[in-house]
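What follows is the content of final22.pdb, which has PDB, N, CA and C atoms:
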MODEL        1
ATOM      1  N   MET N   1      46.047  37.729 -24.786
ATOM      2  CA  MET N   1      47.330  38.205 -24.345
ATOM      3  C   MET N   1      48.334  37.069 -24.432
ATOM      4  N   ALA N   2      49.493  37.349 -24.987
ATOM      5  CA  ALA N   2      50.527  36.336 -25.145
ATOM      6  C   ALA N   2      51.179  36.044 -23.798
ATOM      7  N   ARG N   3      51.481  34.784 -23.606
ATOM      8  CA  ARG N   3      52.136  34.384 -22.365
ATOM      9  C   ARG N   3      53.630  34.592 -22.491
ATOM     10  N   ARG N   4      54.211  35.206 -21.490
ATOM     11  CA  ARG N   4      55.650  35.473 -21.518
ATOM     12  C   ARG N   4      56.364  34.415 -20.698
ATOM     13  N   TRP N   5      57.410  33.871 -21.261
ATOM     14  CA  TRP N   5      58.216  32.874 -20.562
ATOM     15  C   TRP N   5      59.504  33.537 -20.124
ATOM     16  N   GLY N   6      59.755  33.529 -18.860
ATOM     17  CA  GLY N   6      60.965  34.133 -18.320
ATOM     18  C   GLY N   6      61.816  33.080 -17.643
ATOM     19  N   ALA N   7      62.609  33.518 -16.738
ATOM     20  CA  ALA N   7      63.462  32.608 -15.977
ATOM     21  C   ALA N   7      62.579  31.689 -15.140
ATOM     22  N   ALA N   8      63.077  30.503 -14.893
ATOM     23  CA  ALA N   8      62.332  29.551 -14.081
ATOM     24  C   ALA N   8      62.130  30.125 -12.691
ATOM     25  N   SER N   9      60.949  29.944 -12.160
ATOM     26  CA  SER N   9      60.692  30.441 -10.814
ATOM     27  C   SER N   9      60.768  29.281  -9.832
ATOM     28  N   LEU N  10      61.163  29.582  -8.618
ATOM     29  CA  LEU N  10      61.253  28.574  -7.583
ATOM     30  C   LEU N  10      59.873  28.348  -6.991
ATOM     31  N   THR N  11      59.548  27.108  -6.726
ATOM     32  CA  THR N  11      58.261  26.794  -6.112
ATOM     33  C   THR N  11      58.475  26.536  -4.633
ATOM     34  N   ASP N  12      57.400  26.535  -3.901
ATOM     35  CA  ASP N  12      57.515  26.427  -2.455
ATOM     36  C   ASP N  12      56.708  25.275  -1.882
ATOM     37  N   SER N  13      57.294  24.110  -1.899
ATOM     38  CA  SER N  13      56.809  22.966  -1.141
ATOM     39  C   SER N  13      58.045  22.133  -0.821
ATOM     40  N   ARG N  14      57.957  21.326   0.177
ATOM     41  CA  ARG N  14      59.126  20.538   0.581
ATOM     42  C   ARG N  14      59.648  19.691  -0.568
ATOM     43  N   ALA N  15      58.751  19.012  -1.285
ATOM     44  CA  ALA N  15      59.175  18.144  -2.390
ATOM     45  C   ALA N  15      59.812  18.944  -3.524
ATOM     46  N   SER N  16      59.251  20.090  -3.834
ATOM     47  CA  SER N  16      59.808  20.875  -4.935
ATOM     48  C   SER N  16      61.144  21.513  -4.552
ATOM     49  N   ILE N  17      61.298  21.893  -3.288
ATOM     50  CA  ILE N  17      62.583  22.430  -2.836
ATOM     51  C   ILE N  17      63.644  21.339  -2.922
ATOM     52  N   ALA N  18      63.308  20.131  -2.485
ATOM     53  CA  ALA N  18      64.250  19.011  -2.563
ATOM     54  C   ALA N  18      64.641  18.742  -4.013
ATOM     55  N   GLN N  19      63.681  18.771  -4.905
ATOM     56  CA  GLN N  19      63.957  18.549  -6.320
ATOM     57  C   GLN N  19      64.830  19.682  -6.885
ATOM     58  N   ASP N  20      64.544  20.911  -6.494
ATOM     59  CA  ASP N  20      65.350  22.046  -6.949
ATOM     60  C   ASP N  20      66.802  21.902  -6.495
ATOM     61  N   VAL N  21      67.004  21.462  -5.256
ATOM     62  CA  VAL N  21      68.359  21.265  -4.729
ATOM     63  C   VAL N  21      69.084  20.192  -5.539
ATOM     64  N   LYS N  22      68.383  19.116  -5.806
ATOM     65  CA  LYS N  22      68.968  18.019  -6.593
ATOM     66  C   LYS N  22      69.357  18.514  -7.988
ATOM     67  N   HIS N  23      68.472  19.231  -8.638
ATOM     68  CA  HIS N  23      68.756  19.749  -9.976
ATOM     69  C   HIS N  23      69.879  20.779  -9.953
ATOM     70  N   LEU N  24      69.914  21.599  -8.910
ATOM     71  CA  LEU N  24      70.978  22.586  -8.755
ATOM     72  C   LEU N  24      72.340  21.904  -8.767
ATOM     73  N   LEU N  25      72.467  20.819  -8.017
ATOM     74  CA  LEU N  25      73.733  20.085  -7.982
ATOM     75  C   LEU N  25      74.059  19.444  -9.316
ATOM     76  N   MET N  26      73.069  18.824  -9.922
ATOM     77  CA  MET N  26      73.308  18.135 -11.193
ATOM     78  C   MET N  26      73.719  19.123 -12.282
ATOM     79  N   GLU N  27      73.080  20.284 -12.311
ATOM     80  CA  GLU N  27      73.353  21.272 -13.352
ATOM     81  C   GLU N  27      74.623  22.081 -13.090
ATOM     82  N   SER N  28      75.111  22.067 -11.867
ATOM     83  CA  SER N  28      76.294  22.853 -11.504
ATOM     84  C   SER N  28      77.594  22.266 -12.063
ATOM     85  N   GLY N  29      77.572  20.985 -12.388
ATOM     86  CA  GLY N  29      78.798  20.325 -12.844
ATOM     87  C   GLY N  29      79.602  19.731 -11.703
ATOM     88  N   LEU N  30      79.179  19.971 -10.467
ATOM     89  CA  LEU N  30      79.926  19.454  -9.326
ATOM     90  C   LEU N  30      79.832  17.937  -9.210
ATOM     91  N   VAL N  31      78.719  17.360  -9.625
ATOM     92  CA  VAL N  31      78.584  15.908  -9.572
ATOM     93  C   VAL N  31      79.561  15.268 -10.557
ATOM     94  N   SER N  32      79.683  15.839 -11.751
ATOM     95  CA  SER N  32      80.653  15.338 -12.731
ATOM     96  C   SER N  32      82.075  15.512 -12.216
ATOM     97  N   LYS N  33      82.314  16.642 -11.576
ATOM     98  CA  LYS N  33      83.637  16.904 -10.994
ATOM     99  C   LYS N  33      83.959  15.858  -9.930
ATOM    100  N   LEU N  34      82.964  15.469  -9.168
ATOM    101  CA  LEU N  34      83.138  14.452  -8.135
ATOM    102  C   LEU N  34      83.479  13.102  -8.754
ATOM    103  N   LEU N  35      82.805  12.767  -9.834
ATOM    104  CA  LEU N  35      83.069  11.495 -10.525
ATOM    105  C   LEU N  35      84.507  11.406 -11.008
ATOM    106  N   ALA N  36      85.043  12.523 -11.454
ATOM    107  CA  ALA N  36      86.383  12.540 -12.018
ATOM    108  C   ALA N  36      87.476  12.565 -10.952
ATOM    109  N   GLN N  37      87.105  12.812  -9.701
ATOM    110  CA  GLN N  37      88.096  13.003  -8.646
ATOM    111  C   GLN N  37      88.393  11.708  -7.897
ATOM    112  N   ARG N  38      89.658  11.342  -7.832
ATOM    113  CA  ARG N  38      90.063  10.127  -7.117
ATOM    114  C   ARG N  38      90.604  10.431  -5.719
ATOM    115  N   SER N  39      91.187  11.608  -5.535
ATOM    116  CA  SER N  39      91.787  11.989  -4.263
ATOM    117  C   SER N  39      90.699  12.245  -3.221
ATOM    118  N   LEU N  40      90.823  11.602  -2.057
ATOM    119  CA  LEU N  40      89.841  11.798  -0.986
ATOM    120  C   LEU N  40      89.832  13.239  -0.498
ATOM    121  N   THR N  41      90.988  13.869  -0.448
ATOM    122  CA  THR N  41      91.069  15.260  -0.009
ATOM    123  C   THR N  41      90.354  16.175  -0.989
ATOM    124  N   LEU N  42      90.585  15.972  -2.284
ATOM    125  CA  LEU N  42      89.945  16.821  -3.285
ATOM    126  C   LEU N  42      88.454  16.511  -3.411
ATOM    127  N   ARG N  43      88.052  15.272  -3.149
ATOM    128  CA  ARG N  43      86.624  14.935  -3.125
ATOM    129  C   ARG N  43      85.941  15.699  -1.986
ATOM    130  N   SER N  44      86.632  15.795  -0.864
ATOM    131  CA  SER N  44      86.106  16.547   0.278
ATOM    132  C   SER N  44      85.897  18.011  -0.094
ATOM    133  N   ASP N  45      86.814  18.557  -0.888
ATOM    134  CA  ASP N  45      86.658  19.940  -1.356
ATOM    135  C   ASP N  45      85.413  20.092  -2.227
ATOM    136  N   VAL N  46      85.125  19.091  -3.056
ATOM    137  CA  VAL N  46      83.929  19.134  -3.914
ATOM    138  C   VAL N  46      82.671  19.087  -3.046
ATOM    139  N   TYR N  47      82.687  18.258  -2.011
ATOM    140  CA  TYR N  47      81.536  18.196  -1.104
ATOM    141  C   TYR N  47      81.298  19.554  -0.446
ATOM    142  N   THR N  48      82.381  20.230  -0.072
ATOM    143  CA  THR N  48      82.254  21.566   0.522
ATOM    144  C   THR N  48      81.660  22.541  -0.483
ATOM    145  N   GLU N  49      82.111  22.475  -1.738
ATOM    146  CA  GLU N  49      81.544  23.322  -2.791
ATOM    147  C   GLU N  49      80.044  23.063  -2.933
ATOM    148  N   MET N  50      79.653  21.784  -2.844
ATOM    149  CA  MET N  50      78.233  21.426  -2.948
ATOM    150  C   MET N  50      77.432  22.043  -1.815
ATOM    151  N   GLU N  51      77.945  21.935  -0.601
ATOM    152  CA  GLU N  51      77.246  22.519   0.550
ATOM    153  C   GLU N  51      77.079  24.027   0.384
ATOM    154  N   LEU N  52      78.134  24.690  -0.038
ATOM    155  CA  LEU N  52      78.068  26.140  -0.220
ATOM    156  C   LEU N  52      77.072  26.528  -1.310
ATOM    157  N   LEU N  53      77.025  25.749  -2.379
ATOM    158  CA  LEU N  53      76.075  26.012  -3.454
ATOM    159  C   LEU N  53      74.639  25.819  -2.962
ATOM    160  N   ILE N  54      74.394  24.742  -2.251
ATOM    161  CA  ILE N  54      73.050  24.475  -1.733
ATOM    162  C   ILE N  54      72.616  25.590  -0.792
ATOM    163  N   GLU N  55      73.564  26.116  -0.022
ATOM    164  CA  GLU N  55      73.240  27.187   0.924
ATOM    165  C   GLU N  55      72.796  28.475   0.260
ATOM    166  N   THR N  56      73.005  28.603  -1.043
ATOM    167  CA  THR N  56      72.554  29.812  -1.736
ATOM    168  C   THR N  56      71.043  29.828  -1.922
ATOM    169  N   ASP N  57      70.384  28.695  -1.710
ATOM    170  CA  ASP N  57      68.927  28.639  -1.822
ATOM    171  C   ASP N  57      68.329  29.349  -0.618
ATOM    172  N   THR N  58      67.658  30.440  -0.863
ATOM    173  CA  THR N  58      67.142  31.288   0.218
ATOM    174  C   THR N  58      65.982  30.661   0.990
ATOM    175  N   ARG N  59      65.472  29.535   0.527
ATOM    176  CA  ARG N  59      64.389  28.848   1.239
ATOM    177  C   ARG N  59      64.929  27.936   2.340
ATOM    178  N   LEU N  60      66.266  27.763   2.373
ATOM    179  CA  LEU N  60      66.905  26.883   3.347
ATOM    180  C   LEU N  60      67.580  27.679   4.442
ATOM    181  N   VAL N  61      67.567  27.133   5.638
ATOM    182  CA  VAL N  61      68.216  27.765   6.779
ATOM    183  C   VAL N  61      69.730  27.594   6.627
ATOM    184  N   PRO N  62      70.477  28.683   6.575
ATOM    185  CA  PRO N  62      71.938  28.573   6.449
ATOM    186  C   PRO N  62      72.539  27.754   7.592
ATOM    187  N   GLY N  63      73.488  26.920   7.262
ATOM    188  CA  GLY N  63      74.139  26.084   8.260
ATOM    189  C   GLY N  63      73.422  24.778   8.533
ATOM    190  N   SER N  64      72.246  24.576   7.948
ATOM    191  CA  SER N  64      71.480  23.347   8.210
ATOM    192  C   SER N  64      71.745  22.250   7.184
ATOM    193  N   ILE N  65      72.522  22.544   6.159
ATOM    194  CA  ILE N  65      72.744  21.588   5.079
ATOM    195  C   ILE N  65      73.775  20.558   5.516
ATOM    196  N   GLU N  66      73.427  19.290   5.340
ATOM    197  CA  GLU N  66      74.348  18.198   5.644
ATOM    198  C   GLU N  66      74.367  17.227   4.475
ATOM    199  N   LEU N  67      75.574  16.786   4.127
ATOM    200  CA  LEU N  67      75.739  15.784   3.076
ATOM    201  C   LEU N  67      76.201  14.492   3.719
ATOM    202  N   ASP N  68      75.479  13.413   3.464
ATOM    203  CA  ASP N  68      75.896  12.081   3.909
ATOM    204  C   ASP N  68      76.512  11.398   2.698
ATOM    205  N   THR N  69      77.797  11.168   2.762
ATOM    206  CA  THR N  69      78.537  10.581   1.636
ATOM    207  C   THR N  69      79.077   9.206   1.993
ATOM    208  N   ASN N  70      78.454   8.555   2.971
ATOM    209  CA  ASN N  70      78.941   7.249   3.442
ATOM    210  C   ASN N  70      78.634   6.108   2.492
ATOM    211  N   HIS N  71      77.682   6.298   1.587
ATOM    212  CA  HIS N  71      77.325   5.238   0.654
ATOM    213  C   HIS N  71      77.937   5.544  -0.710
ATOM    214  N   ALA N  72      78.586   4.547  -1.273
ATOM    215  CA  ALA N  72      79.230   4.734  -2.573
ATOM    216  C   ALA N  72      78.209   5.165  -3.613
ATOM    217  N   GLU N  73      78.566   6.167  -4.386
ATOM    218  CA  GLU N  73      77.784   6.642  -5.527
ATOM    219  C   GLU N  73      76.429   7.244  -5.164
ATOM    220  N   LEU N  74      76.275   7.676  -3.903
ATOM    221  CA  LEU N  74      75.021   8.284  -3.476
ATOM    222  C   LEU N  74      75.305   9.346  -2.423
ATOM    223  N   ILE N  75      74.740  10.516  -2.623
ATOM    224  CA  ILE N  75      74.846  11.593  -1.643
ATOM    225  C   ILE N  75      73.439  11.840  -1.110
ATOM    226  N   THR N  76      73.295  11.758   0.188
ATOM    227  CA  THR N  76      72.018  12.082   0.826
ATOM    228  C   THR N  76      72.141  13.470   1.421
ATOM    229  N   ILE N  77      71.240  14.346   1.028
ATOM    230  CA  ILE N  77      71.262  15.732   1.453
ATOM    231  C   ILE N  77      70.096  15.974   2.403
ATOM    232  N   THR N  78      70.403  16.514   3.567
ATOM    233  CA  THR N  78      69.352  16.942   4.485
ATOM    234  C   THR N  78      69.550  18.431   4.750
ATOM    235  N   ALA N  79      68.462  19.112   4.952
ATOM    236  CA  ALA N  79      68.499  20.545   5.231
ATOM    237  C   ALA N  79      67.192  20.925   5.911
ATOM    238  N   THR N  80      67.189  22.096   6.477
ATOM    239  CA  THR N  80      65.979  22.621   7.096
ATOM    240  C   THR N  80      65.484  23.798   6.272
ATOM    241  N   THR N  81      64.200  23.757   5.936
ATOM    242  CA  THR N  81      63.586  24.875   5.228
ATOM    243  C   THR N  81      62.957  25.805   6.260
ATOM    244  N   TYR N  82      62.814  27.049   5.883
ATOM    245  CA  TYR N  82      62.157  27.999   6.782
ATOM    246  C   TYR N  82      60.691  27.660   6.978
ATOM    247  N   GLU N  83      60.031  27.226   5.922
ATOM    248  CA  GLU N  83      58.588  27.050   5.970
ATOM    249  C   GLU N  83      58.116  25.620   6.223
ATOM    250  N   PHE N  84      58.912  24.625   5.815
ATOM    251  CA  PHE N  84      58.426  23.244   5.845
ATOM    252  C   PHE N  84      59.228  22.307   6.740
ATOM    253  N   GLY N  85      60.207  22.811   7.460
ATOM    254  CA  GLY N  85      61.013  21.951   8.326
ATOM    255  C   GLY N  85      62.047  21.165   7.534
ATOM    256  N   GLN N  86      62.326  19.957   8.012
ATOM    257  CA  GLN N  86      63.372  19.124   7.413
ATOM    258  C   GLN N  86      62.992  18.639   6.013
ATOM    259  N   LEU N  87      64.020  18.563   5.154
ATOM    260  CA  LEU N  87      63.845  17.891   3.866
ATOM    261  C   LEU N  87      65.035  16.978   3.655
ATOM    262  N   LYS N  88      64.814  15.981   2.818
ATOM    263  CA  LYS N  88      65.852  14.998   2.516
ATOM    264  C   LYS N  88      65.720  14.611   1.054
ATOM    265  N   THR N  89      66.853  14.580   0.358
ATOM    266  CA  THR N  89      66.865  14.145  -1.034
ATOM    267  C   THR N  89      68.175  13.423  -1.300
ATOM    268  N   GLU N  90      68.197  12.665  -2.360
ATOM    269  CA  GLU N  90      69.393  11.901  -2.706
ATOM    270  C   GLU N  90      69.818  12.206  -4.130
ATOM    271  N   VAL N  91      71.138  12.239  -4.327
ATOM    272  CA  VAL N  91      71.709  12.431  -5.651
ATOM    273  C   VAL N  91      72.607  11.243  -5.924
ATOM    274  N   SER N  92      72.298  10.533  -6.994
ATOM    275  CA  SER N  92      73.109   9.395  -7.409
ATOM    276  C   SER N  92      74.139   9.895  -8.407
ATOM    277  N   TYR N  93      75.362   9.417  -8.286
ATOM    278  CA  TYR N  93      76.388   9.841  -9.235
ATOM    279  C   TYR N  93      77.146   8.646  -9.794
ATOM    280  N   VAL N  94      76.395   7.658 -10.225
ATOM    281  CA  VAL N  94      76.959   6.471 -10.844
ATOM    282  C   VAL N  94      77.442   6.843 -12.241
ATOM    283  N   ALA N  95      78.662   6.451 -12.555
ATOM    284  CA  ALA N  95      79.196   6.725 -13.875
ATOM    285  C   ALA N  95      78.452   5.899 -14.912
ATOM    286  N   PRO N  96      78.099   6.496 -16.051
ATOM    287  CA  PRO N  96      77.410   5.736 -17.091
ATOM    288  C   PRO N  96      78.326   4.664 -17.665
ATOM    289  N   THR N  97      77.741   3.534 -18.017
ATOM    290  CA  THR N  97      78.527   2.443 -18.619
ATOM    291  C   THR N  97      78.483   2.583 -20.123
ATOM    292  N   ARG N  98      79.500   2.065 -20.747
ATOM    293  CA  ARG N  98      79.563   2.164 -22.214
ATOM    294  C   ARG N  98      79.054   0.923 -22.868
TER     295      ARG N  98
ENDMDL
END

Would you encode the structure as structure tokens?
Amino acid sequence: MARRWGAASLTDSRASIAQDVKHLLMESGLVSKLLAQRSLTLRSDVYTEMELLIETDTRLVPGSIELDTNHAELITITATTYEFGQLKTEVSYVAPTR
């Protein structure tokens, strides 16, 4: 029987959920949008967009997502999963050098 490849399925472990969240942000274009933004007010809007996007993951408890943006070029994301409790992951957004 031939194997059928469909849409990517979500896996269920704390590490894989954290990785999925990280990839979700990277693939959304919001990290690139953040790099291009100089205005602190508009950067704050991008962070809000990121939180709302992360909240679409049904494995996470709504309202539990927090972004720590205190460190330059690094976003630390914490959230609570329904099944595994707290998770933490980091997204680096250092601009590539030429």

- Picked from range 2-59 of chain N by DSSP as alpha helix (DSSP H), as number ranges by chain: N: 14-28, 30-36, 40-54

- Message: I need the residues in chain N that are strand (DSSP E or B) according to DSSP; give them as JSON, numbers by chain.
- Response: {"N": [60, 66, 67, 68, 69, 70, 71, 74, 75, 76, 77, 78, 79, 80, 81, 85, 86, 87, 88, 89, 90, 91, 92]}

Any chance you can output those residues with N, CA and C atoms as an mmCIF file, in the frame of the given file?
data_model
loop_
_atom_site.group_PDB
_atom_site.id
_atom_site.type_symbol
_atom_site.label_atom_id
_atom_site.label_comp_id
_atom_site.auth_asym_id
_atom_site.auth_seq_id
_atom_site.Cartn_x
_atom_site.Cartn_y
_atom_site.Cartn_z
ATOM 1 N N LEU N 60 66.266 27.763 2.373
ATOM 2 C CA LEU N 60 66.905 26.883 3.347
ATOM 3 C C LEU N 60 67.580 27.679 4.442
ATOM 4 N N GLU N 66 73.427 19.290 5.340
ATOM 5 C CA GLU N 66 74.348 18.198 5.644
ATOM 6 C C GLU N 66 74.367 17.227 4.475
ATOM 7 N N LEU N 67 75.574 16.786 4.127
ATOM 8 C CA LEU N 67 75.739 15.784 3.076
ATOM 9 C C LEU N 67 76.201 14.492 3.719
ATOM 10 N N ASP N 68 75.479 13.413 3.464
ATOM 11 C CA ASP N 68 75.896 12.081 3.909
ATOM 12 C C ASP N 68 76.512 11.398 2.698
ATOM 13 N N THR N 69 77.797 11.168 2.762
ATOM 14 C CA THR N 69 78.537 10.581 1.636
ATOM 15 C C THR N 69 79.077 9.206 1.993
ATOM 16 N N ASN N 70 78.454 8.555 2.971
ATOM 17 C CA ASN N 70 78.941 7.249 3.442
ATOM 18 C C ASN N 70 78.634 6.108 2.492
ATOM 19 N N HIS N 71 77.682 6.298 1.587
ATOM 20 C CA HIS N 71 77.325 5.238 0.654
ATOM 21 C C HIS N 71 77.937 5.544 -0.710
ATOM 22 N N LEU N 74 76.275 7.676 -3.903
ATOM 23 C CA LEU N 74 75.021 8.284 -3.476
ATOM 24 C C LEU N 74 75.305 9.346 -2.423
ATOM 25 N N ILE N 75 74.740 10.516 -2.623
ATOM 26 C CA ILE N 75 74.846 11.593 -1.643
ATOM 27 C C ILE N 75 73.439 11.840 -1.110
ATOM 28 N N THR N 76 73.295 11.758 0.188
ATOM 29 C CA THR N 76 72.018 12.082 0.826
ATOM 30 C C THR N 76 72.141 13.470 1.421
ATOM 31 N N ILE N 77 71.240 14.346 1.028
ATOM 32 C CA ILE N 77 71.262 15.732 1.453
ATOM 33 C C ILE N 77 70.096 15.974 2.403
ATOM 34 N N THR N 78 70.403 16.514 3.567
ATOM 35 C CA THR N 78 69.352 16.942 4.485
ATOM 36 C C THR N 78 69.550 18.431 4.750
ATOM 37 N N ALA N 79 68.462 19.112 4.952
ATOM 38 C CA ALA N 79 68.499 20.545 5.231
ATOM 39 C C ALA N 79 67.192 20.925 5.911
ATOM 40 N N THR N 80 67.189 22.096 6.477
ATOM 41 C CA THR N 80 65.979 22.621 7.096
ATOM 42 C C THR N 80 65.484 23.798 6.272
ATOM 43 N N THR N 81 64.200 23.757 5.936
ATOM 44 C CA THR N 81 63.586 24.875 5.228
ATOM 45 C C THR N 81 62.957 25.805 6.260
ATOM 46 N N GLY N 85 60.207 22.811 7.460
ATOM 47 C CA GLY N 85 61.013 21.951 8.326
ATOM 48 C C GLY N 85 62.047 21.165 7.534
ATOM 49 N N GLN N 86 62.326 19.957 8.012
ATOM 50 C CA GLN N 86 63.372 19.124 7.413
ATOM 51 C C GLN N 86 62.992 18.639 6.013
ATOM 52 N N LEU N 87 64.020 18.563 5.154
ATOM 53 C CA LEU N 87 63.845 17.891 3.866
ATOM 54 C C LEU N 87 65.035 16.978 3.655
ATOM 55 N N LYS N 88 64.814 15.981 2.818
ATOM 56 C CA LYS N 88 65.852 14.998 2.516
ATOM 57 C C LYS N 88 65.720 14.611 1.054
ATOM 58 N N THR N 89 66.853 14.580 0.358
ATOM 59 C CA THR N 89 66.865 14.145 -1.034
ATOM 60 C C THR N 89 68.175 13.423 -1.300
ATOM 61 N N GLU N 90 68.197 12.665 -2.360
ATOM 62 C CA GLU N 90 69.393 11.901 -2.706
ATOM 63 C C GLU N 90 69.818 12.206 -4.130
ATOM 64 N N VAL N 91 71.138 12.239 -4.327
ATOM 65 C CA VAL N 91 71.709 12.431 -5.651
ATOM 66 C C VAL N 91 72.607 11.243 -5.924
ATOM 67 N N SER N 92 72.298 10.533 -6.994
ATOM 68 C CA SER N 92 73.109 9.395 -7.409
ATOM 69 C C SER N 92 74.139 9.895 -8.407
#

Using all atoms of range 35-54 of chain N listed in the file and a margin of 4 Å per side, can you give the axis-aligned box centre and edge lengths in Å to one decimal, as JSON?
{"center_x": 82.2, "center_y": 18.3, "center_z": -5.7, "size_x": 27.2, "size_y": 24.4, "size_z": 20.6}

- Item | Shell around range 61-70 of chain N at 8 Å using all atoms listed in the file, local window under 6 positions removed, as number ranges by chain | N: 47, 51, 54-55, 76-83

- Identify which of the residues N:Arg43, N:Lys22, N:Arg59, N:Lys33 lies closest to Phe84 in chain N, counting all atoms listed in the file when measuring atom-to-atom distances.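 Ranked by minimum distance to Phe84 in chain N, first place goes to N:Arg59.
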
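Atom pair CA of Ser32 in chain N / CA of Arg14 in chain N: separated by 25.8 Å.
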
Would you mind exporting range 49-56 of chain N with all heavy atoms, as a compact mmCIF listing (two decimals), in the first residue's frame?
# COMPACT_ATOMS: atom_id res chain seq x y z
N GLU N 49 0.60 40.68 17.68
CA GLU N 49 0.26 39.77 16.59
C GLU N 49 0.84 38.38 16.86
O GLU N 49 0.19 37.36 16.61
CB GLU N 49 0.80 40.28 15.26
CG GLU N 49 0.04 41.44 14.67
CD GLU N 49 0.63 41.84 13.33
OE1 GLU N 49 0.49 41.05 12.36
OE2 GLU N 49 1.24 42.92 13.26
N MET N 50 2.08 38.35 17.38
CA MET N 50 2.73 37.07 17.69
C MET N 50 1.96 36.32 18.77
O MET N 50 1.71 35.11 18.64
CB MET N 50 4.17 37.30 18.15
CG MET N 50 5.09 37.72 17.06
SD MET N 50 6.75 38.01 17.73
CE MET N 50 7.70 38.14 16.22
N GLU N 51 1.58 37.02 19.82
CA GLU N 51 0.81 36.38 20.90
C GLU N 51 -0.50 35.81 20.37
O GLU N 51 -0.87 34.68 20.72
CB GLU N 51 0.52 37.39 22.01
CG GLU N 51 1.70 37.66 22.91
CD GLU N 51 1.34 38.57 24.06
OE1 GLU N 51 0.19 38.48 24.57
OE2 GLU N 51 2.20 39.36 24.47
N LEU N 52 -1.20 36.58 19.56
CA LEU N 52 -2.47 36.12 19.02
C LEU N 52 -2.29 34.90 18.11
O LEU N 52 -3.11 33.98 18.13
CB LEU N 52 -3.17 37.26 18.27
CG LEU N 52 -3.65 38.41 19.14
CD1 LEU N 52 -4.15 39.56 18.28
CD2 LEU N 52 -4.72 37.95 20.11
N LEU N 53 -1.23 34.89 17.33
CA LEU N 53 -0.94 33.75 16.47
C LEU N 53 -0.63 32.51 17.30
O LEU N 53 -1.16 31.43 17.03
CB LEU N 53 0.22 34.07 15.53
CG LEU N 53 0.63 32.95 14.59
CD1 LEU N 53 -0.51 32.58 13.64
CD2 LEU N 53 1.88 33.35 13.80
N ILE N 54 0.19 32.66 18.31
CA ILE N 54 0.54 31.52 19.16
C ILE N 54 -0.70 30.97 19.84
O ILE N 54 -0.86 29.76 20.00
CB ILE N 54 1.62 31.93 20.20
CG1 ILE N 54 2.93 32.27 19.50
CG2 ILE N 54 1.83 30.83 21.23
CD1 ILE N 54 3.95 32.97 20.39
N GLU N 55 -1.62 31.86 20.21
CA GLU N 55 -2.84 31.42 20.88
C GLU N 55 -3.74 30.56 20.01
O GLU N 55 -4.65 29.90 20.52
CB GLU N 55 -3.62 32.63 21.41
CG GLU N 55 -3.48 32.74 22.88
CD GLU N 55 -4.41 33.72 23.53
OE1 GLU N 55 -5.53 33.96 23.04
OE2 GLU N 55 -4.01 34.23 24.57
N THR N 56 -3.50 30.53 18.71
CA THR N 56 -4.31 29.68 17.84
C THR N 56 -3.97 28.21 17.99
O THR N 56 -4.71 27.35 17.51
CB THR N 56 -4.16 30.09 16.35
OG1 THR N 56 -2.81 29.87 15.93
CG2 THR N 56 -4.57 31.53 16.12
